[in-house]
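The file data.pdb contains PDB, C-alpha atoms:
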ATOM      1  CA  MET A   1      61.282 186.395  70.803
ATOM      2  CA  VAL A   2      60.857 186.078  67.089
ATOM      3  CA  GLU A   3      64.076 184.627  65.694
ATOM      4  CA  ASP A   4      63.162 184.365  62.019
ATOM      5  CA  MET A   5      62.444 188.063  61.611
ATOM      6  CA  GLU A   6      63.309 188.082  57.923
ATOM      7  CA  ALA A   7      60.317 185.970  57.124
ATOM      8  CA  LEU A   8      57.839 188.482  58.567
ATOM      9  CA  ASP A   9      56.297 191.733  57.510
ATOM     10  CA  TRP A  10      58.652 194.402  58.913
ATOM     11  CA  ASP A  11      56.030 197.098  59.477
ATOM     12  CA  ASP A  12      53.868 194.818  61.555
ATOM     13  CA  ILE A  13      56.782 193.574  63.597
ATOM     14  CA  GLU A  14      57.913 197.084  64.448
ATOM     15  CA  THR A  15      54.386 198.001  65.570
ATOM     16  CA  LEU A  16      54.084 194.913  67.741
ATOM     17  CA  ARG A  17      57.516 195.534  69.278
ATOM     18  CA  LEU A  18      56.472 199.073  70.114
ATOM     19  CA  ILE A  19      53.367 197.748  71.873
ATOM     20  CA  MET A  20      55.457 195.208  73.782
ATOM     21  CA  ARG A  21      57.856 197.907  74.983
ATOM     22  CA  LYS A  22      54.905 199.840  76.427
ATOM     23  CA  GLY A  23      54.005 196.838  78.592
ATOM     24  CA  GLY A  24      50.622 195.852  79.993
ATOM     25  CA  ASP A  25      47.993 193.533  78.564
ATOM     26  CA  ASN A  26      48.597 194.820  75.070
ATOM     27  CA  ALA A  27      52.236 193.715  75.279
ATOM     28  CA  VAL A  28      51.206 190.175  76.130
ATOM     29  CA  GLU A  29      48.816 190.171  73.211
ATOM     30  CA  ALA A  30      51.514 191.589  70.913
ATOM     31  CA  ALA A  31      53.891 188.815  71.951
ATOM     32  CA  ARG A  32      51.223 186.246  71.190
ATOM     33  CA  ILE A  33      50.617 187.754  67.771
ATOM     34  CA  LEU A  34      54.342 187.765  67.005
ATOM     35  CA  ALA A  35      54.586 184.107  67.952
ATOM     36  CA  THR A  36      51.618 183.300  65.731
ATOM     37  CA  MET A  37      53.161 185.275  62.879
ATOM     38  CA  LYS A  38      56.337 183.231  63.218
ATOM     39  CA  GLN A  39      54.358 180.008  62.970
ATOM     40  CA  HIS A  40      52.548 181.146  59.840
ATOM     41  CA  SER A  41      55.294 183.250  58.363
ATOM     42  CA  GLN A  42      55.487 181.190  55.196
ATOM     43  CA  VAL A  43      51.931 182.121  54.361
ATOM     44  CA  ARG A  44      51.586 185.602  55.774
ATOM     45  CA  GLY A  45      54.868 187.387  55.336
ATOM     46  CA  PRO A  46      56.793 188.310  52.201
ATOM     47  CA  THR A  47      59.369 185.790  51.111
ATOM     48  CA  VAL A  48      62.952 186.720  51.793
ATOM     49  CA  VAL A  49      64.621 186.417  48.427
ATOM     50  CA  ARG A  50      68.185 186.582  49.640
ATOM     51  CA  ASN A  51      67.823 183.300  51.481
ATOM     52  CA  ARG A  52      66.714 181.418  48.406
ATOM     53  CA  GLY A  53      69.214 178.971  47.033
ATOM     54  CA  LEU A  54      70.731 180.230  43.783
ATOM     55  CA  PRO A  55      70.900 177.771  40.879
ATOM     56  CA  GLN A  56      74.130 175.879  41.160
ATOM     57  CA  PRO A  57      76.368 175.309  38.131
ATOM     58  CA  ASN A  58      76.348 171.799  36.792
ATOM     59  CA  ILE A  59      79.747 170.597  37.905
ATOM     60  CA  ASP A  60      79.525 167.587  35.618
ATOM     61  CA  VAL A  61      79.931 169.854  32.585
ATOM     62  CA  LYS A  62      83.499 171.076  32.588
ATOM     63  CA  PRO A  63      84.500 174.042  30.453
ATOM     64  CA  TRP A  64      86.722 173.375  27.475
ATOM     65  CA  TYR A  65      89.752 175.011  29.064
ATOM     66  CA  LEU A  66      89.782 172.496  31.912
ATOM     67  CA  SER A  67      89.638 169.301  29.934
ATOM     68  CA  GLY A  68      89.533 167.801  26.457
ATOM     69  CA  PRO A  69      86.846 168.184  23.823
ATOM     70  CA  PHE A  70      83.333 167.129  24.828
ATOM     71  CA  SER A  71      81.347 165.429  22.126
ATOM     72  CA  ASN A  72      78.079 166.214  23.929
ATOM     73  CA  LEU A  73      78.888 169.831  24.696
ATOM     74  CA  ARG A  74      76.097 172.073  23.483
ATOM     75  CA  PRO A  75      77.001 175.202  21.474
ATOM     76  CA  ALA A  76      75.651 177.477  24.198
ATOM     77  CA  GLN A  77      78.043 175.933  26.651
ATOM     78  CA  CYS A  78      80.954 176.395  24.255
ATOM     79  CA  ALA A  79      79.953 180.024  23.797
ATOM     80  CA  HIS A  80      79.719 180.482  27.519
ATOM     81  CA  SER A  81      83.200 179.042  27.940
ATOM     82  CA  TYR A  82      84.595 181.306  25.257
ATOM     83  CA  TYR A  83      83.056 184.527  26.473
ATOM     84  CA  THR A  84      83.655 183.872  30.158
ATOM     85  CA  VAL A  85      87.220 182.743  29.698
ATOM     86  CA  CYS A  86      88.145 186.013  31.402
ATOM     87  CA  HIS A  87      87.008 184.476  34.651
ATOM     88  CA  SER A  88      89.296 181.497  34.445
ATOM     89  CA  SER A  89      92.417 181.189  36.565
ATOM     90  CA  GLN A  90      94.368 183.485  34.218
ATOM     91  CA  PRO A  91      92.483 186.783  34.033
ATOM     92  CA  CYS A  92      91.750 188.158  30.567
ATOM     93  CA  LEU A  93      90.445 191.624  29.915
ATOM     94  CA  ASP A  94      88.939 191.525  26.455
ATOM     95  CA  ARG A  95      87.739 189.323  23.597
ATOM     96  CA  ARG A  96      91.106 189.469  21.889
ATOM     97  CA  CYS A  97      92.752 188.114  24.978
ATOM     98  CA  ALA A  98      90.026 185.498  25.323
ATOM     99  CA  LEU A  99      90.641 184.430  21.740
ATOM    100  CA  GLN A 100      94.352 184.148  22.410
ATOM    101  CA  LYS A 101      93.602 182.026  25.427
ATOM    102  CA  LEU A 102      91.270 179.861  23.397
ATOM    103  CA  TRP A 103      94.268 178.904  21.284
ATOM    104  CA  ASP A 104      96.338 177.881  24.326
ATOM    105  CA  ASP A 105      95.025 174.438  23.562
ATOM    106  CA  THR A 106      95.031 173.907  19.801
ATOM    107  CA  ASN A 107      92.724 170.908  19.800
ATOM    108  CA  ASN A 108      90.141 172.601  21.973
ATOM    109  CA  ALA A 109      90.310 175.755  19.891
ATOM    110  CA  ARG A 110      89.590 173.821  16.702
ATOM    111  CA  PHE A 111      86.865 171.877  18.411
ATOM    112  CA  THR A 112      85.206 174.965  19.871
ATOM    113  CA  ILE A 113      85.312 176.907  16.592
ATOM    114  CA  GLN A 114      83.936 173.989  14.611
ATOM    115  CA  LYS A 115      81.294 173.244  17.228
ATOM    116  CA  LEU A 116      80.101 176.816  17.568
ATOM    117  CA  GLY A 117      80.456 177.745  13.942
ATOM    118  CA  LEU A 118      82.615 180.597  12.737
ATOM    119  CA  LEU A 119      79.702 183.018  12.877
ATOM    120  CA  ALA A 120      79.978 183.072  16.672
ATOM    121  CA  PHE A 121      83.431 184.609  16.262
ATOM    122  CA  VAL A 122      82.676 187.041  13.471
ATOM    123  CA  ASN A 123      82.989 190.087  15.718
ATOM    124  CA  ASP A 124      86.614 189.107  16.313
ATOM    125  CA  GLY A 125      87.403 189.357  12.597
ATOM    126  CA  PHE A 126      88.729 192.416  10.778
ATOM    127  CA  VAL A 127      86.294 194.018   8.345
ATOM    128  CA  ILE A 128      88.142 194.717   5.082
ATOM    129  CA  ASP A 129      85.222 196.132   3.116
ATOM    130  CA  GLN A 130      81.498 196.647   3.346
ATOM    131  CA  TRP A 131      78.914 196.893   0.568
ATOM    132  CA  GLY A 132      75.174 196.669   1.085
ATOM    133  CA  ASP A 133      74.404 193.682   3.276
ATOM    134  CA  TYR A 134      77.851 192.223   2.650
ATOM    135  CA  GLN A 135      81.063 192.451   4.624
ATOM    136  CA  LEU A 136      84.432 191.071   3.614
ATOM    137  CA  VAL A 137      85.994 189.849   6.849
ATOM    138  CA  ASP A 138      89.509 188.603   7.540
ATOM    139  CA  MET A 139      89.275 185.770  10.074
ATOM    140  CA  SER A 140      92.971 184.770   9.878
ATOM    141  CA  HIS A 141      93.791 185.407  13.510
ATOM    142  CA  VAL A 142      90.593 183.692  14.671
ATOM    143  CA  ILE A 143      91.215 180.354  12.971
ATOM    144  CA  ARG A 144      94.991 180.832  12.576
ATOM    145  CA  VAL A 145      94.978 180.231   8.853
ATOM    146  CA  SER A 146      96.774 182.804   6.738
ATOM    147  CA  GLU A 147      94.587 185.205   4.741
ATOM    148  CA  ALA A 148      91.357 183.434   5.611
ATOM    149  CA  LYS A 149      88.819 185.766   4.024
ATOM    150  CA  TYR A 150      85.095 185.369   4.392
ATOM    151  CA  LEU A 151      82.007 187.095   3.078
ATOM    152  CA  LEU A 152      79.450 187.821   5.752
ATOM    153  CA  MET A 153      76.105 187.838   3.997
ATOM    154  CA  LEU A 154      72.401 187.785   4.635
ATOM    155  CA  ASN A 155      70.023 185.180   3.310
ATOM    156  CA  PRO A 156      67.294 187.493   1.991
ATOM    157  CA  THR A 157      64.665 184.785   2.415
ATOM    158  CA  THR A 158      65.343 183.604   5.961
ATOM    159  CA  GLY A 159      67.041 186.751   7.251
ATOM    160  CA  LYS A 160      69.895 184.638   8.641
ATOM    161  CA  TRP A 161      73.519 185.771   8.459
ATOM    162  CA  HIS A 162      76.182 183.345   7.341
ATOM    163  CA  LEU A 163      79.840 183.286   6.407
ATOM    164  CA  GLU A 164      81.354 181.806   3.283
ATOM    165  CA  GLY A 165      85.039 181.476   2.537
ATOM    166  CA  VAL A 166      86.184 183.441  -0.521
ATOM    167  CA  PRO A 167      89.483 183.351  -2.449
ATOM    168  CA  ARG A 168      92.491 184.799  -0.620
ATOM    169  CA  ASP A 169      93.152 187.468  -3.230
ATOM    170  CA  SER A 170      89.718 189.067  -2.768
ATOM    171  CA  PHE A 171      90.242 192.712  -1.867
ATOM    172  CA  SER A 172      86.688 194.067  -1.706
ATOM    173  CA  VAL A 173      83.147 192.763  -1.386
ATOM    174  CA  ARG A 174      82.452 193.230  -5.103
ATOM    175  CA  ASN A 175      85.730 191.629  -6.017
ATOM    176  CA  ALA A 176      84.949 188.667  -3.742
ATOM    177  CA  LEU A 177      81.462 188.328  -5.224
ATOM    178  CA  HIS A 178      82.991 188.174  -8.685
ATOM    179  CA  LYS A 179      85.753 185.747  -7.695
ATOM    180  CA  ARG A 180      83.335 183.306  -6.098
ATOM    181  CA  LYS A 181      81.344 182.944  -9.313
ATOM    182  CA  PRO A 182      81.701 179.543 -11.006
ATOM    183  CA  GLU A 183      84.542 179.736 -13.532
ATOM    184  CA  SER A 184      82.309 179.417 -16.595
ATOM    185  CA  LEU A 185      80.211 182.317 -15.383
ATOM    186  CA  ARG A 186      83.235 184.415 -14.441
ATOM    187  CA  LEU A 187      84.649 184.074 -17.933
ATOM    188  CA  ILE A 188      81.641 185.793 -19.490
ATOM    189  CA  PRO A 189      82.238 189.558 -19.759
ATOM    190  CA  THR A 190      80.106 191.748 -17.554
ATOM    191  CA  ALA A 191      78.287 194.983 -18.337
ATOM    192  CA  GLU A 192      75.192 196.705 -17.012
ATOM    193  CA  LYS A 193      73.519 196.173 -20.392
ATOM    194  CA  GLY A 194      74.308 192.449 -20.249
ATOM    195  CA  ASP A 195      71.785 189.633 -19.910
ATOM    196  CA  ASP A 196      70.049 188.837 -16.648
ATOM    197  CA  TRP A 197      71.314 186.019 -14.502
ATOM    198  CA  TYR A 198      70.075 184.596 -11.234
ATOM    199  CA  GLN A 199      71.322 183.254  -7.939
ATOM    200  CA  GLN A 200      69.500 181.090  -5.436
ATOM    201  CA  GLY A 201      71.699 180.485  -2.400
ATOM    202  CA  ASP A 202      74.953 179.086  -3.704
ATOM    203  CA  VAL A 203      73.604 178.197  -7.160
ATOM    204  CA  CYS A 204      74.116 180.546 -10.109
ATOM    205  CA  ILE A 205      71.936 180.275 -13.222
ATOM    206  CA  TRP A 206      72.660 182.063 -16.476
ATOM    207  CA  PRO A 207      71.523 181.831 -20.110
ATOM    208  CA  GLU A 208      73.552 179.313 -22.094
ATOM    209  CA  ASP A 209      73.950 181.664 -25.070
ATOM    210  CA  ALA A 210      74.818 184.808 -23.080
ATOM    211  CA  ILE A 211      77.612 186.907 -24.599
ATOM    212  CA  MET A 212      77.542 189.481 -21.858
ATOM    213  CA  LEU A 213      76.017 189.347 -18.372
ATOM    214  CA  LYS A 214      75.131 191.894 -15.726
ATOM    215  CA  PRO A 215      77.833 192.124 -13.005
ATOM    216  CA  PHE A 216      75.451 190.955 -10.281
ATOM    217  CA  PRO A 217      72.415 188.662 -10.339
ATOM    218  CA  THR A 218      69.135 190.281 -11.326
ATOM    219  CA  ILE A 219      67.335 188.140  -8.785
ATOM    220  CA  LEU A 220      69.063 186.884  -5.633
ATOM    221  CA  THR A 221      67.162 184.785  -3.117
TER     222      THR A 221
ATOM    223  CA  MET B   1      79.602 166.364 -25.264
ATOM    224  CA  ASN B   2      78.235 163.534 -23.142
ATOM    225  CA  ARG B   3      75.413 164.302 -20.765
ATOM    226  CA  ARG B   4      73.716 162.389 -17.993
ATOM    227  CA  SER B   5      70.303 162.942 -16.497
ATOM    228  CA  VAL B   6      70.199 164.206 -12.908
ATOM    229  CA  GLY B   7      66.428 164.378 -12.632
ATOM    230  CA  ASN B   8      65.325 167.909 -11.845
ATOM    231  CA  VAL B   9      68.088 168.793  -9.386
ATOM    232  CA  LEU B  10      70.415 171.744  -9.975
ATOM    233  CA  ALA B  11      72.482 171.178  -6.842
ATOM    234  CA  GLU B  12      72.364 168.850  -3.868
ATOM    235  CA  GLY B  13      72.599 170.280  -0.363
ATOM    236  CA  GLU B  14      75.678 168.965   1.397
ATOM    237  CA  ALA B  15      74.655 169.411   5.018
ATOM    238  CA  THR B  16      70.915 170.011   5.032
ATOM    239  CA  GLY B  17      69.805 167.562   2.372
ATOM    240  CA  HIS B  18      67.857 170.352   0.699
ATOM    241  CA  HIS B  19      68.057 170.598  -3.091
ATOM    242  CA  HIS B  20      67.787 173.364  -5.651
ATOM    243  CA  ARG B  21      65.228 172.015  -8.109
ATOM    244  CA  VAL B  22      63.454 173.023 -11.287
ATOM    245  CA  THR B  23      60.263 171.701 -12.829
ATOM    246  CA  VAL B  24      61.983 170.438 -15.977
ATOM    247  CA  ALA B  25      64.608 167.803 -16.777
ATOM    248  CA  VAL B  26      68.223 168.647 -15.939
ATOM    249  CA  MET B  27      71.280 167.212 -17.685
ATOM    250  CA  GLU B  28      74.804 167.245 -16.303
ATOM    251  CA  ARG B  29      77.599 167.803 -18.802
ATOM    252  CA  GLU B  30      81.109 166.380 -18.704
ATOM    253  CA  ASP B  31      82.382 169.661 -17.307
ATOM    254  CA  LYS B  32      79.904 169.230 -14.404
ATOM    255  CA  LEU B  33      77.793 172.202 -15.459
ATOM    256  CA  ARG B  34      74.077 171.441 -15.448
ATOM    257  CA  GLU B  35      71.771 172.581 -18.220
ATOM    258  CA  PHE B  36      68.043 172.812 -18.612
ATOM    259  CA  GLU B  37      65.443 174.663 -20.587
ATOM    260  CA  GLY B  38      62.978 177.270 -19.329
ATOM    261  CA  PRO B  39      60.385 178.441 -18.638
ATOM    262  CA  THR B  40      60.583 176.930 -15.186
ATOM    263  CA  ILE B  41      60.665 177.736 -11.490
ATOM    264  CA  VAL B  42      63.740 177.205  -9.311
ATOM    265  CA  THR B  43      62.819 176.135  -5.784
ATOM    266  CA  HIS B  44      64.639 175.439  -2.532
ATOM    267  CA  GLU B  45      63.454 174.928   1.043
ATOM    268  CA  GLU B  46      65.360 177.957   2.387
ATOM    269  CA  HIS B  47      65.140 180.371  -0.536
ATOM    270  CA  THR B  48      62.417 182.209  -2.371
ATOM    271  CA  ALA B  49      61.554 180.614  -5.713
ATOM    272  CA  ILE B  50      62.818 182.185  -8.941
ATOM    273  CA  GLU B  51      60.750 182.180 -12.125
ATOM    274  CA  LEU B  52      62.864 181.812 -15.251
ATOM    275  CA  PRO B  53      61.619 182.866 -18.702
ATOM    276  CA  ARG B  54      61.847 180.688 -21.793
ATOM    277  CA  ARG B  55      65.519 180.138 -22.625
ATOM    278  CA  LYS B  56      68.268 177.524 -22.248
ATOM    279  CA  TYR B  57      70.182 177.849 -18.999
ATOM    280  CA  ILE B  58      73.393 176.698 -17.337
ATOM    281  CA  SER B  59      73.778 176.336 -13.588
ATOM    282  CA  ALA B  60      76.709 175.814 -11.259
ATOM    283  CA  LYS B  61      77.589 176.355  -7.633
ATOM    284  CA  VAL B  62      79.635 179.293  -6.382
ATOM    285  CA  ILE B  63      83.238 178.689  -5.372
ATOM    286  CA  GLU B  64      83.589 178.338  -1.621
ATOM    287  CA  VAL B  65      86.964 178.115   0.093
ATOM    288  CA  ASP B  66      87.002 175.856   3.145
ATOM    289  CA  TYR B  67      89.506 177.521   5.451
ATOM    290  CA  LEU B  68      88.348 175.489   8.441
ATOM    291  CA  ALA B  69      89.653 172.357   6.754
ATOM    292  CA  ALA B  70      92.998 174.108   6.451
ATOM    293  CA  MET B  71      92.862 175.145  10.108
ATOM    294  CA  ALA B  72      94.209 171.828  11.357
ATOM    295  CA  THR B  73      96.963 171.536   8.749
ATOM    296  CA  GLU B  74      98.352 175.064   9.098
ATOM    297  CA  GLN B  75      98.433 174.891  12.873
ATOM    298  CA  GLU B  76     100.263 171.593  12.797
ATOM    299  CA  VAL B  77     102.896 173.160  10.581
ATOM    300  CA  LYS B  78     103.272 176.118  12.983
ATOM    301  CA  ASP B  79     103.481 173.799  16.014
TER     302      ASP B  79
END
Taking this structure as input, can you express it in the form of structure tokens?
Amino acid sequence: MVEDMEALDWDDIETLRLIMRKGGDNAVEAARILATMKQHSQVRGPTVVRNRGLPQPNIDVKPWYLSGPFSNLRPAQCAHSYYTVCHSSQPCLDRRCALQKLWDDTNNARFTIQKLGLLAFVNDGFVIDQWGDYQLVDMSHVIRVSEAKYLLMLNPTTGKWHLEGVPRDSFSVRNALHKRKPESLRLIPTAEKGDDWYQQGDVCIWPEDAIMLKPFPTILT
Amino acid sequence: MNRRSVGNVLAEGEATGHHHRVTVAVMEREDKLREFEGPTIVTHEEHTAIELPRRKYISAKVIEVDYLAAMATEQEVKD
């Protein structure tokens, strides 16, 4: 009698069916009510969620592993491709495998890494050392460049993390911080009793006549 | 040593166009180091300002290794 049962309130339908089964005038009335409910089901009854159309993927945007680099590909889409690579035709089980698969196509791997920024891949790197808000991370296997060492650091002003490449022979965070100093600054001996110096982002500032400087900037912003 | 005026800029931003600036004149030396005289305030759009006491200062950028530029070259060699 009522075909689109999903669109109606189940409690009411069961009650009306019970009345109909009993027969008599009430059954006729119940049938009439059920028919009316069907007509107005969109307004009266709860919506059946499972029949709603799910958002369809945009088939015009192909993932990187199906075609060449896309100049208009947004970072989020690149990230999606990278992290869901497990669901491609060749099953992968973990991030390491996904990373390996990323490099199946060299050009796309380069494109994806450059498009997303290396920070998106930082959890795939090996942490060599940690000190304060710094981490020395080896990203060699991520970008396939030998001994590619980076410092993961926090901008104290904006609270944003970023990566900066440091010399290959850096073996600890403190060592990397020292090796990335401009040469003229690095050549000045360091001691805790040395003069103050300052660093704002990637710019170091120190007194011209300093004979000895503190190992790390007094103020870092 | 020859010097040239670079306004009040300690370093130009490569990607963002933001500059590290001071409130005094800055000179660039032949060795590319920049020098200026405090007291002054160092400002930048994405960093907290730093107040410098009276003294002569040198400034230079940290050394950054661009491994991503090497990414293409090394892979081509491996291929």
Using all atoms listed in the file and a distance of at most 9 Å, pull out the residues of chain B that contact chain A, as a VMD selection string. chain B and resid 10 to 11 20 33 35 42 to 44 46 to 50 52 55 to 68 70 to 75
Who sits within 10 Å of segment 1-9 of chain B, only C-alpha atoms, same chain under 2 positions skipped, as a ChimeraX atom specification: /B:11-12,19-36,42-43
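Separating atom CA of Leu154 of chain A from atom CA of Asp129 of chain A is a distance of 15.4 Å.
Going from atom CA of Tyr134 of chain A to atom CA of Asn175 of chain A covers 11.7 Å.
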With 5 Å of padding per side, what axis-aligned box (centre and edge lengths, Å, one decimal) covers all the listed atoms of segment 17-36 of chain B? Give it as lines of an AutoDock Vina configuration file.
center_x = 71.3
center_y = 169.9
center_z = -8.2
size_x = 32.1
size_y = 17.0
size_z = 31.2
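Coordinates place atom CA of Phe171 of chain A at a distance of 17.1 Å from atom CA of Phe216 of chain A.
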